[in-house]
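Q: Below is one structure. I have some questions about it.
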Amino acid sequence: MTDKLQSMLDSHDVLLADGATGTNLFNMGLMSGEAPELWNVDQPKKITALYQGAVDAGSDLFLTNTFGGTAARLKLHDAQKRVRELSRVGAELGRDVADKAERPVIVAGSVGPTGEIMEPVGTLSHALAVEMFHEQADGLREGGVDVLWLETISAPEEYRAAAEAFALAGLPWCGTMSFDTAGRTMMGVTSADMVAMVDGLDNGPIGFGANCGTGASDLLRTVLGFVAQGTERPIIAKGNAGIPKYVDGHIHYDGTPELMGDYAVMARDCGARIIGGCCGTMPDHLRHMREALDTRPRGEAPTLDQITAVLGAFSSASDGTGDEAPKPRARRGRRRA
């Protein structure tokens, strides 16, 4: 079991993660509806360029192009028998980039949701979910990742299944959920719920947190919710680069590089130890985040008013914990853009 990530956390105040996968690949020519994971084999130079872009921008950690790499997701592209291959190759490409870097860089094996609804609400059993996550994790391990990285999860049942699978694979892991329904995940999990769940796992993650969701303001409100529970586990913040807008036939995120620099510093001051971007985050955003983290002094945790004054309004008045919070509703997993 590698301890590279834990060693870096012990020696660094904060780690900069990477940015978007989908947004960057779309800019390289990926078409809507295509499986990015197939590019690990079909377009390896572009995947290498994706990883290299994050390293060159200053990231200490980047995620592999394997977000939709479970059999359930690859089945949509008739590639369900290529789980281990696509994850292994995606990891190997990342290992090559990291090993050539002039500083330590973590390769994190991305694992996204299956896209299925688990029992008792849906039909996906715990045993099958564990089997699918284990299959992908083994491919990532064979490819040489330093750590497994579960992301954009909504259901606690799926998070627990992944934790069990990662124990079978024998690798440390991190795991984030997406709080995109007025402070809750689509299946109703609050920031407090997540802390309690993570602390109760037999095979707990090195770090946990939030990714994607709505805007950066909402994500930082969730980070403050984690901190309020008194957790000592490293917290991850991986927010979108602003709010998505449909412009000239394409989705465009309105967060500027300067705004993401502000977000990175505020995320650090809120208590996050691993900070990156999700949808819409490009290398130029990462460069500004790196510079901001390296040059701006640490401050007190910002208030909610200070967060909205800098990063924009929350998408909802609720943080997910009040009586007015919306009821959870089922939705299929989506791709990290």
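Ordered as shown in the structure tokens, chains take letters A, B, and onward, while each chain numbers its residues from 1 and ligands are numbered from 1 in the order shown.
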Name all residues at most 6 Å from range 8-21 of chain A (count only C-alpha atoms; drop same-chain ones fewer than 6 positions away) and give them as a ChimeraX atom specification.

A: /A:54,59-62,273-282,337

Q: With only C-alpha atoms as the counted atoms, please give the residues lying no more than 8 Å from Met28 in chain A, apart from itself and same-chain residues fewer than 3 positions off, as a VMD selection string.

A: chain A and resid 24 to 25 46

Q: Could the residues in this selection be written to a file with N, CA, C and O atoms, as an mmCIF file, in the first residue's frame?

A:
data_model
loop_
_atom_site.group_PDB
_atom_site.id
_atom_site.type_symbol
_atom_site.label_atom_id
_atom_site.label_comp_id
_atom_site.auth_asym_id
_atom_site.auth_seq_id
_atom_site.Cartn_x
_atom_site.Cartn_y
_atom_site.Cartn_z
ATOM 1 N N ASN A 24 -11.766 20.010 -20.687
ATOM 2 C CA ASN A 24 -10.506 20.016 -21.417
ATOM 3 C C ASN A 24 -10.536 19.066 -22.608
ATOM 4 O O ASN A 24 -10.029 19.387 -23.687
ATOM 5 N N LEU A 25 -11.134 17.898 -22.440
ATOM 6 C CA LEU A 25 -11.188 16.949 -23.546
ATOM 7 C C LEU A 25 -12.129 17.417 -24.652
ATOM 8 O O LEU A 25 -11.869 17.172 -25.840
ATOM 9 N N LYS A 46 -3.422 12.784 -26.402
ATOM 10 C CA LYS A 46 -4.310 13.819 -25.872
ATOM 11 C C LYS A 46 -4.524 13.628 -24.369
ATOM 12 O O LYS A 46 -4.614 14.615 -23.622
#

Q: Point out the residue among A:Ser7, A:Ser154, A:Thr176, A:Asn65 with the least atom-to-atom distance to Gly22 in chain A, counting only C-alpha atoms.

A: A:Asn65

Q: Write out as a PyMOL selection string all residues of range 207-249 of chain A that DSSP puts in alpha helix (DSSP H) for this structure's backbone.

A: chain A and resi 216-228

Q: What are the DSSP strand (DSSP E) residues of range 124-301 of chain A, as a VMD selection string?

A: chain A and resid 147 to 153 173 to 177 207 to 212 235 to 239 244 to 247 250 to 253 274 to 277

Q: Taking N, CA, C and O atoms for each residue, export the selection above as a compact mmCIF listing (two decimals), in the first residue's frame.

A:
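Final output, out.txt:
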# COMPACT_ATOMS: atom_id res chain seq x y z
N VAL A 147 -3.21 6.41 -5.41
CA VAL A 147 -4.38 6.44 -4.55
C VAL A 147 -5.62 6.33 -5.44
O VAL A 147 -5.60 6.76 -6.61
N LEU A 148 -6.67 5.73 -4.93
CA LEU A 148 -7.96 5.69 -5.63
C LEU A 148 -8.75 6.92 -5.24
O LEU A 148 -8.65 7.41 -4.10
N TRP A 149 -9.58 7.41 -6.17
CA TRP A 149 -10.26 8.69 -5.94
C TRP A 149 -11.73 8.58 -6.38
O TRP A 149 -12.05 8.71 -7.54
N LEU A 150 -12.59 8.32 -5.42
CA LEU A 150 -14.03 8.25 -5.67
C LEU A 150 -14.59 9.67 -5.73
O LEU A 150 -14.26 10.50 -4.90
N GLU A 151 -15.44 9.97 -6.73
CA GLU A 151 -15.94 11.34 -6.85
C GLU A 151 -17.35 11.40 -7.42
O GLU A 151 -17.84 10.49 -8.07
N THR A 152 -18.01 12.53 -7.11
CA THR A 152 -19.35 12.85 -7.63
C THR A 152 -20.38 11.82 -7.21
O THR A 152 -21.29 11.48 -7.97
N ILE A 153 -20.26 11.32 -6.00
CA ILE A 153 -21.20 10.32 -5.49
C ILE A 153 -22.37 11.02 -4.80
O ILE A 153 -22.19 12.05 -4.14
N TRP A 173 -7.46 5.47 -0.38
CA TRP A 173 -8.39 6.18 -1.26
C TRP A 173 -8.87 7.48 -0.64
O TRP A 173 -8.73 7.72 0.56
N CYS A 174 -9.42 8.30 -1.50
CA CYS A 174 -10.12 9.52 -1.11
C CYS A 174 -11.51 9.45 -1.74
O CYS A 174 -11.70 8.76 -2.74
N GLY A 175 -12.46 10.20 -1.19
CA GLY A 175 -13.80 10.14 -1.76
C GLY A 175 -14.60 11.40 -1.54
O GLY A 175 -14.69 11.90 -0.41
N THR A 176 -15.18 11.91 -2.61
CA THR A 176 -16.00 13.11 -2.53
C THR A 176 -17.42 12.83 -3.00
O THR A 176 -17.67 11.93 -3.78
N MET A 177 -18.34 13.65 -2.49
CA MET A 177 -19.73 13.59 -2.93
C MET A 177 -20.09 14.94 -3.54
O MET A 177 -19.39 15.94 -3.33
N GLY A 207 -8.72 11.20 2.74
CA GLY A 207 -9.39 12.49 2.75
C GLY A 207 -10.77 12.36 2.14
O GLY A 207 -11.04 11.43 1.39
N PHE A 208 -11.65 13.29 2.46
CA PHE A 208 -13.01 13.27 1.94
C PHE A 208 -13.44 14.71 1.68
O PHE A 208 -12.80 15.67 2.12
N GLY A 209 -14.54 14.86 0.97
CA GLY A 209 -15.00 16.23 0.73
C GLY A 209 -16.07 16.32 -0.33
O GLY A 209 -16.88 15.41 -0.49
N ALA A 210 -16.04 17.44 -1.05
CA ALA A 210 -17.08 17.74 -2.03
C ALA A 210 -16.45 18.12 -3.36
O ALA A 210 -15.40 18.75 -3.41
N ASN A 211 -17.12 17.73 -4.43
CA ASN A 211 -16.71 18.15 -5.77
C ASN A 211 -17.94 18.48 -6.60
O ASN A 211 -19.07 18.09 -6.26
N CYS A 212 -17.73 19.21 -7.65
CA CYS A 212 -18.78 19.56 -8.62
C CYS A 212 -19.88 20.38 -7.93
O CYS A 212 -19.62 21.45 -7.42
N ILE A 235 -9.76 17.48 4.38
CA ILE A 235 -10.96 17.81 3.60
C ILE A 235 -10.58 18.21 2.18
O ILE A 235 -9.59 18.93 1.98
N ILE A 236 -11.36 17.77 1.23
CA ILE A 236 -11.14 18.04 -0.19
C ILE A 236 -12.19 19.02 -0.69
O ILE A 236 -13.38 18.87 -0.41
N ALA A 237 -11.75 20.02 -1.45
CA ALA A 237 -12.67 20.97 -2.10
C ALA A 237 -12.31 21.02 -3.58
O ALA A 237 -11.21 21.41 -3.95
N LYS A 238 -13.25 20.62 -4.42
CA LYS A 238 -13.02 20.61 -5.86
C LYS A 238 -14.25 21.21 -6.53
O LYS A 238 -15.16 20.50 -6.98
N GLY A 239 -14.29 22.54 -6.58
CA GLY A 239 -15.47 23.24 -7.05
C GLY A 239 -15.42 23.59 -8.53
O GLY A 239 -14.35 23.69 -9.14
N PRO A 244 -22.40 27.25 -14.98
CA PRO A 244 -22.48 26.94 -16.40
C PRO A 244 -23.52 27.80 -17.12
O PRO A 244 -24.62 28.03 -16.62
N LYS A 245 -23.15 28.27 -18.30
CA LYS A 245 -24.06 29.03 -19.15
C LYS A 245 -23.96 28.50 -20.57
O LYS A 245 -22.89 28.09 -21.03
N TYR A 246 -25.09 28.49 -21.27
CA TYR A 246 -25.12 27.98 -22.64
C TYR A 246 -24.83 29.14 -23.59
O TYR A 246 -25.62 30.07 -23.71
N VAL A 247 -23.67 29.10 -24.25
CA VAL A 247 -23.24 30.18 -25.12
C VAL A 247 -22.83 29.62 -26.48
O VAL A 247 -21.94 28.77 -26.57
N HIS A 250 -22.55 25.87 -26.82
CA HIS A 250 -21.64 25.15 -25.93
C HIS A 250 -21.86 25.59 -24.48
O HIS A 250 -22.28 26.72 -24.22
N ILE A 251 -21.54 24.69 -23.55
CA ILE A 251 -21.59 25.03 -22.14
C ILE A 251 -20.31 25.78 -21.78
O ILE A 251 -19.20 25.32 -22.06
N HIS A 252 -20.47 26.93 -21.18
CA HIS A 252 -19.33 27.76 -20.79
C HIS A 252 -19.45 28.09 -19.30
O HIS A 252 -20.53 28.47 -18.82
N TYR A 253 -18.36 27.94 -18.57
CA TYR A 253 -18.35 28.27 -17.14
C TYR A 253 -17.79 29.66 -16.96
O TYR A 253 -16.74 29.99 -17.52
N ILE A 274 -6.88 19.66 0.43
CA ILE A 274 -6.67 19.34 -0.99
C ILE A 274 -7.68 20.15 -1.78
O ILE A 274 -8.89 20.02 -1.60
N ILE A 275 -7.17 21.02 -2.65
CA ILE A 275 -8.03 21.99 -3.34
C ILE A 275 -7.79 21.89 -4.84
O ILE A 275 -6.65 21.93 -5.31
N GLY A 276 -8.86 21.77 -5.58
CA GLY A 276 -8.77 21.72 -7.03
C GLY A 276 -10.02 22.29 -7.65
O GLY A 276 -10.84 22.90 -6.97
N GLY A 277 -10.16 22.08 -8.94
CA GLY A 277 -11.34 22.54 -9.65
C GLY A 277 -12.06 21.37 -10.27
O GLY A 277 -11.49 20.29 -10.46

Q: Can you tell me how far CA of Leu5 in chain A sits from CA of Met132 in chain A, in Å to one decimal?

A: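 Interatomic distance, CA of Leu5 in chain A to CA of Met132 in chain A: 24.6 Å.
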
Q: I'd like the neighbourhood of Ala35 in chain A as a PyMOL selection string, where a residue qualifies if any of its atoms comes within 12 Å (using only C-alpha atoms), though same-chain residues fewer than 3 positions away should be ignored.

A: chain A and resi 21-22+25-26+30-32+38-43+65-70+73-80+86+335-336

Q: Which residue, A:Gly58, A:Pro172, A:Gly183, A:Pro120, has the smallest gap to Leu219 in chain A when you use only C-alpha atoms?

A: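 Under the stated criterion, the closest residue is A:Gly183.
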